[in-house]
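Q: See target19.cif below, with mmCIF, C-alpha atoms.
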data_structure
#
loop_
_atom_site.label_atom_id
_atom_site.label_comp_id
_atom_site.auth_asym_id
_atom_site.auth_seq_id
_atom_site.Cartn_x
_atom_site.Cartn_y
_atom_site.Cartn_z
CA MET V 1 21.04 8.23 11.50
CA THR V 2 17.96 10.19 10.37
CA SER V 3 15.40 8.81 7.92
CA PRO V 4 15.45 10.27 4.39
CA LEU V 5 12.64 12.72 3.70
CA LEU V 6 10.13 11.34 1.22
CA ASP V 7 8.01 13.31 -1.23
CA GLY V 8 6.14 12.75 -4.45
CA PRO V 9 3.19 13.75 -6.63
CA ARG V 10 -0.13 14.60 -4.98
CA LEU V 11 -3.78 14.96 -5.95
CA GLU V 12 -6.29 17.02 -3.98
CA PRO V 13 -9.85 15.77 -3.38
CA ALA V 14 -12.04 15.85 -6.48
CA ALA V 15 -14.89 17.32 -4.40
CA GLY V 16 -12.71 20.21 -3.27
CA GLY V 17 -12.15 21.38 0.27
CA ALA V 18 -10.21 19.65 3.02
CA PRO V 19 -9.73 15.89 2.57
CA ARG V 20 -11.56 13.39 4.74
CA GLN V 21 -9.29 10.51 3.75
CA LEU V 22 -5.69 10.04 2.65
CA VAL V 23 -4.64 7.34 0.18
CA VAL V 24 -0.90 6.70 -0.07
CA PHE V 25 0.44 4.81 -3.10
CA LEU V 26 3.67 2.81 -2.74
CA HIS V 27 5.26 2.09 -6.11
CA GLY V 28 7.21 -0.94 -7.22
CA TYR V 29 10.90 -1.59 -7.74
CA GLY V 30 12.49 0.65 -10.37
CA ALA V 31 9.50 3.00 -10.70
CA ASP V 32 8.69 6.23 -8.86
CA GLY V 33 5.70 8.07 -7.46
CA ASN V 34 4.42 9.02 -10.92
CA ASP V 35 3.81 5.36 -11.69
CA LEU V 36 0.75 5.05 -9.43
CA ILE V 37 -0.58 8.56 -8.86
CA GLY V 38 -2.87 8.14 -11.89
CA LEU V 39 -4.88 5.60 -9.88
CA GLY V 40 -6.07 8.54 -7.82
CA ARG V 41 -7.68 10.05 -10.91
CA GLU V 42 -9.33 6.72 -11.67
CA TRP V 43 -10.71 6.51 -8.14
CA ALA V 44 -11.79 10.15 -7.83
CA ARG V 45 -15.46 9.28 -8.38
CA GLU V 46 -15.37 6.50 -5.78
CA LEU V 47 -13.39 8.61 -3.32
CA PRO V 48 -14.28 12.27 -3.99
CA HIS V 49 -13.16 13.43 -0.55
CA ALA V 50 -9.79 11.63 -0.58
CA ALA V 51 -6.39 13.20 -1.11
CA PHE V 52 -3.80 11.03 -2.87
CA VAL V 53 -0.03 11.03 -2.56
CA SER V 54 2.57 8.77 -4.13
CA PRO V 55 6.00 9.21 -2.50
CA ASN V 56 9.19 8.33 -4.33
CA ALA V 57 11.08 5.53 -2.61
CA PRO V 58 14.21 6.72 -0.77
CA ASP V 59 16.96 5.06 -2.82
CA PRO V 60 18.06 5.09 -6.46
CA CYS V 61 17.45 1.74 -8.13
CA GLY V 62 20.59 -0.11 -9.17
CA MET V 63 18.76 -2.05 -11.89
CA ALA V 64 16.88 0.99 -13.26
CA PRO V 65 18.99 4.15 -12.84
CA THR V 66 16.09 6.53 -13.49
CA GLY V 67 13.85 4.74 -10.98
CA ARG V 68 13.71 4.31 -7.22
CA GLN V 69 13.64 1.41 -4.79
CA TRP V 70 12.43 0.92 -1.22
CA PHE V 71 15.25 -1.60 -0.80
CA ASP V 72 17.51 -3.77 -2.97
CA LEU V 73 15.32 -6.43 -4.52
CA SER V 74 17.91 -7.85 -6.89
CA LEU V 75 19.16 -10.51 -4.46
CA GLY V 76 15.76 -12.16 -4.20
CA ASP V 77 16.34 -13.92 -0.87
CA MET V 78 13.28 -13.56 1.42
CA ALA V 79 15.40 -13.05 4.54
CA LEU V 80 17.20 -10.16 2.84
CA ILE V 81 13.90 -8.80 1.57
CA ALA V 82 12.45 -8.87 5.09
CA ASN V 83 15.51 -6.99 6.34
CA GLY V 84 15.18 -4.49 3.49
CA VAL V 85 11.57 -3.77 4.44
CA LYS V 86 12.66 -3.26 8.05
CA GLN V 87 15.37 -0.81 7.01
CA ALA V 88 13.02 1.19 4.77
CA ALA V 89 10.12 1.29 7.24
CA PRO V 90 11.19 4.28 9.41
CA ALA V 91 11.27 6.69 6.46
CA LEU V 92 7.81 5.59 5.36
CA GLU V 93 6.44 5.75 8.92
CA GLU V 94 7.75 9.29 9.29
CA PHE V 95 6.18 10.28 5.98
CA LEU V 96 2.77 8.83 6.91
CA ASP V 97 2.76 10.53 10.29
CA ALA V 98 3.72 13.86 8.74
CA GLU V 99 1.07 13.64 6.01
CA LEU V 100 -1.70 12.80 8.48
CA LYS V 101 -0.62 15.65 10.75
CA ARG V 102 -0.41 18.11 7.85
CA ARG V 103 -3.92 17.13 6.77
CA ASP V 104 -5.24 17.02 10.35
CA LEU V 105 -6.56 13.50 9.78
CA PRO V 106 -6.83 10.57 12.22
CA ALA V 107 -5.13 7.22 11.63
CA GLN V 108 -8.36 5.54 10.52
CA SER V 109 -8.58 7.96 7.59
CA LEU V 110 -5.44 6.44 6.03
CA ALA V 111 -5.22 3.74 3.37
CA LEU V 112 -2.09 2.24 1.83
CA VAL V 113 -2.07 0.96 -1.74
CA GLY V 114 1.01 -0.91 -2.91
CA PHE V 115 2.24 -2.50 -6.10
CA SER V 116 4.86 -5.28 -6.08
CA GLN V 117 7.67 -4.11 -3.77
CA GLY V 118 5.30 -1.38 -2.61
CA THR V 119 2.84 -4.07 -1.46
CA MET V 120 5.58 -5.59 0.71
CA MET V 121 6.06 -2.17 2.29
CA ALA V 122 2.32 -1.51 2.65
CA LEU V 123 1.68 -4.79 4.44
CA SER V 124 4.70 -4.66 6.73
CA VAL V 125 4.39 -0.99 7.70
CA GLY V 126 0.60 -0.85 7.69
CA LEU V 127 0.19 -3.87 9.95
CA ALA V 128 2.85 -2.66 12.39
CA ARG V 129 1.51 0.87 12.87
CA HIS V 130 0.45 1.68 16.41
CA SER V 131 -2.86 3.08 15.13
CA SER V 132 -4.12 0.89 12.33
CA PRO V 133 -5.02 2.41 8.95
CA ALA V 134 -8.48 1.81 7.54
CA ALA V 135 -7.28 -0.39 4.69
CA ILE V 136 -4.41 -1.89 2.74
CA VAL V 137 -4.72 -2.80 -0.93
CA GLY V 138 -1.86 -4.87 -2.31
CA TYR V 139 -1.35 -5.53 -6.01
CA SER V 140 1.09 -8.16 -7.34
CA GLY V 141 3.04 -8.39 -4.09
CA ALA V 142 3.93 -10.59 -1.13
CA LEU V 143 4.11 -10.62 2.65
CA ALA V 144 7.81 -10.13 3.36
CA SER V 145 7.68 -11.05 7.05
CA VAL V 146 5.18 -12.24 9.66
CA GLU V 147 6.81 -10.07 12.34
CA ALA V 148 4.32 -7.27 11.78
CA LEU V 149 1.23 -9.45 12.14
CA PRO V 150 -0.92 -8.26 15.07
CA LYS V 151 -1.10 -10.56 18.04
CA GLU V 152 -4.79 -9.85 18.70
CA PRO V 153 -7.35 -11.19 16.16
CA GLY V 154 -9.24 -8.43 14.39
CA ALA V 155 -6.75 -5.74 15.46
CA GLY V 156 -5.80 -4.62 11.98
CA PRO V 157 -6.95 -2.95 8.78
CA ALA V 158 -9.20 -4.37 6.09
CA ILE V 159 -7.00 -5.96 3.41
CA LEU V 160 -7.50 -6.65 -0.29
CA LEU V 161 -4.92 -8.61 -2.29
CA VAL V 162 -5.05 -8.69 -6.10
CA HIS V 163 -2.68 -10.71 -8.27
CA GLY V 164 -2.43 -11.85 -11.88
CA ASP V 165 -2.36 -15.61 -12.45
CA MET V 166 0.29 -15.12 -15.15
CA ASP V 167 2.63 -12.96 -13.04
CA GLU V 168 6.18 -13.75 -14.13
CA VAL V 169 7.87 -11.52 -11.53
CA ILE V 170 6.11 -12.46 -8.29
CA PRO V 171 4.12 -15.70 -8.73
CA VAL V 172 0.49 -15.75 -7.68
CA ASP V 173 1.45 -18.31 -5.01
CA ALA V 174 3.02 -15.42 -3.06
CA MET V 175 -0.40 -13.79 -2.78
CA LEU V 176 -2.00 -17.08 -1.72
CA MET V 177 0.62 -17.57 1.00
CA ALA V 178 0.14 -13.99 2.21
CA ARG V 179 -3.62 -14.48 2.30
CA GLU V 180 -3.23 -17.61 4.40
CA ALA V 181 -0.83 -16.00 6.88
CA LEU V 182 -3.04 -12.94 7.27
CA ALA V 183 -6.17 -15.02 7.72
CA GLN V 184 -4.47 -17.17 10.37
CA ALA V 185 -3.64 -13.94 12.22
CA GLY V 186 -7.35 -13.15 12.34
CA LEU V 187 -7.20 -10.33 9.79
CA PRO V 188 -10.09 -9.76 7.36
CA VAL V 189 -8.67 -10.52 3.92
CA GLU V 190 -10.38 -10.29 0.56
CA TRP V 191 -8.57 -11.43 -2.56
CA HIS V 192 -8.90 -11.64 -6.30
CA VAL V 193 -6.92 -13.47 -9.00
CA SER V 194 -6.92 -11.62 -12.33
CA GLN V 195 -7.10 -14.21 -15.10
CA GLY V 196 -4.56 -13.91 -17.89
CA ILE V 197 -2.79 -10.96 -16.25
CA GLY V 198 0.95 -10.74 -15.63
CA HIS V 199 2.79 -8.32 -13.34
CA GLY V 200 0.32 -5.47 -13.56
CA ILE V 201 -3.14 -4.17 -12.70
CA ASP V 202 -6.10 -4.77 -14.98
CA GLY V 203 -9.39 -2.88 -15.13
CA GLU V 204 -11.19 -5.29 -12.83
CA GLY V 205 -8.44 -5.11 -10.22
CA LEU V 206 -8.59 -1.33 -10.39
CA ARG V 207 -12.37 -1.34 -9.98
CA LEU V 208 -12.19 -3.72 -7.02
CA GLY V 209 -9.55 -1.59 -5.31
CA GLY V 210 -11.59 1.60 -5.54
CA ALA V 211 -14.78 -0.07 -4.31
CA PHE V 212 -12.89 -1.74 -1.47
CA LEU V 213 -11.42 1.55 -0.26
CA ARG V 214 -14.79 3.28 -0.43
CA GLN V 215 -16.32 0.55 1.73
CA ALA V 216 -13.42 0.49 4.18
CA PHE V 217 -13.57 4.24 4.71
CA ALA V 218 -17.36 4.14 5.08
CA THR V 219 -17.14 1.36 7.69
CA GLY V 220 -14.57 3.20 9.78
CA ALA V 221 -15.93 6.70 9.30
CA SER V 222 -16.64 8.90 12.28
CA PRO V 223 -19.52 11.37 12.21
CA THR V 224 -18.77 14.54 10.27
CA PRO V 225 -19.01 17.70 12.42
#
Please re-express this file's structure in structure tokens.

A:
Amino acid sequence: MTSPLLDGPRLEPAAGGAPRQLVVFLHGYGADGNDLIGLGREWARELPHAAFVSPNAPDPCGMAPTGRQWFDLSLGDMALIANGVKQAAPALEEFLDAELKRRDLPAQSLALVGFSQGTMMALSVGLARHSSPAAIVGYSGALASVEALPKEPGAGPAILLVHGDMDEVIPVDAMLMAREALAQAGLPVEWHVSQGIGHGIDGEGLRLGGAFLRQAFATGASPTP
């Protein structure tokens, strides 16, 4: 069985020319790629040489017919969620590999930014990739499974987790548990709790995400020819 081909809205680097980095947005349950691509416009000043792409998840969403889903989230059981991430991973892996190849970019030029269900995908796929991305930013999400955690301390991307303390969909405790599991695996994790924020991204979370990606790319940058 072949993986479904993913596609979605794109933004070229604000500085023009060929991109030096690639930021991939992974939307939440019931949304689509248009939901997050606007973050690329917000981060254009921080990341002027980055291209942005926000693929639509592979499946129609049963709970939101006009939206998409990476996997069925309606059942809510963590074992089923972990299996859903595993089933959706090959299509996302194929998309990431194809985008990097098309842009002629190395693995360390990639960053994944997820929201909610997209954060589950970003963490699971990003941590399991053979060549680690530069960074993962996860908003309002959770770590679906510890299977992807690297066995060697320090052998993974920089990670930022941001979550609202009033999140009614995925409680902030999910972020705290993810932070603990990632830290125990020896991964560098930064985190921020947005006060008074529900299941969404506030201005401070957006600012932190852009600054974090800029720093992560600068730390892992190779000399420009």

Q: What residues come out when you apply the PyMOL selection byres ((chain V and resi 162-174) around 10) to this file, written as a PyMOL selection string?

A: chain V and resi 115-117+137-144+160-161+175-180+190-202+204-206+208-209

Q: So how far away is CA of Arg68 (chain V) from CA of Gly28 (chain V), in Å?

A: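 That distance, rounded to one decimal, is 8.4 Å.
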
Q: The PyMOL selection byres ((chain V and resi 24) around 6) on the file shown: which residues, as a ChimeraX atom specification?

A: /V:23,25,52-54,112

Q: What is the distance between CA of Leu123 (chain V) and CA of Ala82 (chain V), in Å to one decimal?

A: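 Atom-to-atom, CA of Leu123 (chain V) and CA of Ala82 (chain V) are spaced 11.5 Å apart.
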
Q: Here's the selection I'm unsure about, the PyMOL selection byres ((chain V and resi 211-218) around 7); applied to the file above, which residues does it give, as a ChimeraX atom specification?

A: /V:46-47,109,134-135,158,207-210,219-221

Q: Write the residues you've just listed into a file as a PDB file, in the frame of the given file, and include C-alpha atoms for each of them.

A:
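part.pdb written:
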ATOM      1  CA  GLU V  46     -15.370   6.500  -5.780  1.00  0.00           C
ATOM      2  CA  LEU V  47     -13.390   8.610  -3.320  1.00  0.00           C
ATOM      3  CA  SER V 109      -8.580   7.960   7.590  1.00  0.00           C
ATOM      4  CA  ALA V 134      -8.480   1.810   7.540  1.00  0.00           C
ATOM      5  CA  ALA V 135      -7.280  -0.390   4.690  1.00  0.00           C
ATOM      6  CA  ALA V 158      -9.200  -4.370   6.090  1.00  0.00           C
ATOM      7  CA  ARG V 207     -12.370  -1.340  -9.980  1.00  0.00           C
ATOM      8  CA  LEU V 208     -12.190  -3.720  -7.020  1.00  0.00           C
ATOM      9  CA  GLY V 209      -9.550  -1.590  -5.310  1.00  0.00           C
ATOM     10  CA  GLY V 210     -11.590   1.600  -5.540  1.00  0.00           C
ATOM     11  CA  THR V 219     -17.140   1.360   7.690  1.00  0.00           C
ATOM     12  CA  GLY V 220     -14.570   3.200   9.780  1.00  0.00           C
ATOM     13  CA  ALA V 221     -15.930   6.700   9.300  1.00  0.00           C
TER      14      ALA V 221
END

Q: Can you list, as number ranges by chain, every protein, DNA or RNA residue that comes within 9 Å of Leu73 (chain V) when you count all atoms listed in the file, leaving out same-chain residues fewer than 5 positions away?

A: V: 29, 80-81, 84, 117

Q: Given the selection you just returned, output its residues as a file containing C-alpha atoms, formatted as a PDB file, in the coordinates of the input.

A:
ATOM      1  CA  TYR V  29      10.900  -1.590  -7.740  1.00  0.00           C
ATOM      2  CA  LEU V  80      17.200 -10.160   2.840  1.00  0.00           C
ATOM      3  CA  ILE V  81      13.900  -8.800   1.570  1.00  0.00           C
ATOM      4  CA  GLY V  84      15.180  -4.490   3.490  1.00  0.00           C
ATOM      5  CA  GLN V 117       7.670  -4.110  -3.770  1.00  0.00           C
TER       6      GLN V 117
END

Q: May I have the residues within 8 Å of Asn56 (chain V) as a ChimeraX atom specification, using only C-alpha atoms and disregarding those fewer than 3 positions away in the same chain?

A: /V:6-8,26-27,32-33,68

Q: One decimal, in Å: what's the spacing between CA of Asp77 (chain V) and CA of Gly30 (chain V)?

A: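 It comes out at 17.8 Å.
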
Q: For region 123-152 of chain V, where the input has fewer atoms than it should, I would like N, CA and C atoms rebuilt and written as an mmCIF file, in the coordinates of the input.

A:
data_model
loop_
_atom_site.group_PDB
_atom_site.id
_atom_site.type_symbol
_atom_site.label_atom_id
_atom_site.label_comp_id
_atom_site.auth_asym_id
_atom_site.auth_seq_id
_atom_site.Cartn_x
_atom_site.Cartn_y
_atom_site.Cartn_z
ATOM 1 N N LEU V 123 2.091 -3.786 3.465
ATOM 2 C CA LEU V 123 1.680 -4.790 4.440
ATOM 3 C C LEU V 123 2.525 -4.716 5.708
ATOM 4 N N SER V 124 3.818 -4.642 5.553
ATOM 5 C CA SER V 124 4.700 -4.660 6.730
ATOM 6 C C SER V 124 4.523 -3.405 7.586
ATOM 7 N N VAL V 125 4.514 -2.243 6.958
ATOM 8 C CA VAL V 125 4.390 -0.990 7.700
ATOM 9 C C VAL V 125 2.956 -0.791 8.183
ATOM 10 N N GLY V 126 1.995 -1.059 7.316
ATOM 11 C CA GLY V 126 0.600 -0.850 7.690
ATOM 12 C C GLY V 126 0.163 -1.714 8.858
ATOM 13 N N LEU V 127 0.589 -2.959 8.869
ATOM 14 C CA LEU V 127 0.190 -3.870 9.950
ATOM 15 C C LEU V 127 0.902 -3.554 11.251
ATOM 16 N N ALA V 128 2.065 -2.937 11.186
ATOM 17 C CA ALA V 128 2.850 -2.660 12.390
ATOM 18 C C ALA V 128 2.537 -1.313 13.021
ATOM 19 N N ARG V 129 1.770 -0.466 12.330
ATOM 20 C CA ARG V 129 1.510 0.870 12.870
ATOM 21 C C ARG V 129 0.732 0.788 14.175
ATOM 22 N N HIS V 130 1.077 1.680 15.084
ATOM 23 C CA HIS V 130 0.450 1.680 16.410
ATOM 24 C C HIS V 130 -1.057 1.910 16.290
ATOM 25 N N SER V 131 -1.448 2.850 15.427
ATOM 26 C CA SER V 131 -2.860 3.080 15.130
ATOM 27 C C SER V 131 -3.116 2.593 13.715
ATOM 28 N N SER V 132 -3.929 1.571 13.601
ATOM 29 C CA SER V 132 -4.120 0.890 12.330
ATOM 30 C C SER V 132 -4.774 1.784 11.282
ATOM 31 N N PRO V 133 -4.314 1.712 10.026
ATOM 32 C CA PRO V 133 -5.020 2.410 8.950
ATOM 33 C C PRO V 133 -6.355 1.721 8.666
ATOM 34 N N ALA V 134 -7.178 2.386 7.884
ATOM 35 C CA ALA V 134 -8.480 1.810 7.540
ATOM 36 C C ALA V 134 -8.326 0.604 6.625
ATOM 37 N N ALA V 135 -7.363 0.661 5.696
ATOM 38 C CA ALA V 135 -7.280 -0.390 4.690
ATOM 39 C C ALA V 135 -5.892 -0.467 4.077
ATOM 40 N N ILE V 136 -5.601 -1.658 3.558
ATOM 41 C CA ILE V 136 -4.410 -1.890 2.740
ATOM 42 C C ILE V 136 -4.867 -2.633 1.491
ATOM 43 N N VAL V 137 -4.481 -2.112 0.328
ATOM 44 C CA VAL V 137 -4.720 -2.800 -0.930
ATOM 45 C C VAL V 137 -3.360 -3.148 -1.518
ATOM 46 N N GLY V 138 -3.143 -4.429 -1.793
ATOM 47 C CA GLY V 138 -1.860 -4.870 -2.310
ATOM 48 C C GLY V 138 -1.998 -5.538 -3.665
ATOM 49 N N TYR V 139 -1.354 -4.960 -4.673
ATOM 50 C CA TYR V 139 -1.350 -5.530 -6.010
ATOM 51 C C TYR V 139 -0.018 -6.225 -6.279
ATOM 52 N N SER V 140 -0.086 -7.444 -6.798
ATOM 53 C CA SER V 140 1.090 -8.160 -7.340
ATOM 54 C C SER V 140 2.258 -8.198 -6.369
ATOM 55 N N GLY V 141 1.980 -8.434 -5.084
ATOM 56 C CA GLY V 141 3.040 -8.390 -4.090
ATOM 57 C C GLY V 141 3.154 -9.643 -3.249
ATOM 58 N N ALA V 142 3.696 -9.470 -2.042
ATOM 59 C CA ALA V 142 3.930 -10.590 -1.130
ATOM 60 C C ALA V 142 4.030 -10.048 0.291
ATOM 61 N N LEU V 143 3.879 -10.944 1.245
ATOM 62 C CA LEU V 143 4.110 -10.620 2.650
ATOM 63 C C LEU V 143 5.561 -10.958 2.958
ATOM 64 N N ALA V 144 6.373 -9.925 3.200
ATOM 65 C CA ALA V 144 7.810 -10.130 3.360
ATOM 66 C C ALA V 144 8.163 -10.802 4.684
ATOM 67 N N SER V 145 7.373 -10.529 5.723
ATOM 68 C CA SER V 145 7.680 -11.050 7.050
ATOM 69 C C SER V 145 6.405 -11.133 7.871
ATOM 70 N N VAL V 146 6.350 -12.112 8.775
ATOM 71 C CA VAL V 146 5.180 -12.240 9.660
ATOM 72 C C VAL V 146 5.389 -11.469 10.958
ATOM 73 N N GLU V 147 6.522 -10.803 11.100
ATOM 74 C CA GLU V 147 6.810 -10.070 12.340
ATOM 75 C C GLU V 147 5.771 -9.010 12.639
ATOM 76 N N ALA V 148 5.238 -8.394 11.586
ATOM 77 C CA ALA V 148 4.320 -7.270 11.780
ATOM 78 C C ALA V 148 2.890 -7.710 12.081
ATOM 79 N N LEU V 149 2.597 -8.996 11.944
ATOM 80 C CA LEU V 149 1.230 -9.450 12.140
ATOM 81 C C LEU V 149 0.766 -9.165 13.567
ATOM 82 N N PRO V 150 -0.427 -8.569 13.723
ATOM 83 C CA PRO V 150 -0.920 -8.260 15.070
ATOM 84 C C PRO V 150 -1.160 -9.521 15.877
ATOM 85 N N LYS V 151 -0.936 -9.402 17.168
ATOM 86 C CA LYS V 151 -1.100 -10.560 18.040
ATOM 87 C C LYS V 151 -2.552 -10.795 18.434
ATOM 88 N N GLU V 152 -3.378 -9.737 18.346
ATOM 89 C CA GLU V 152 -4.790 -9.850 18.700
ATOM 90 C C GLU V 152 -5.639 -9.981 17.447
#
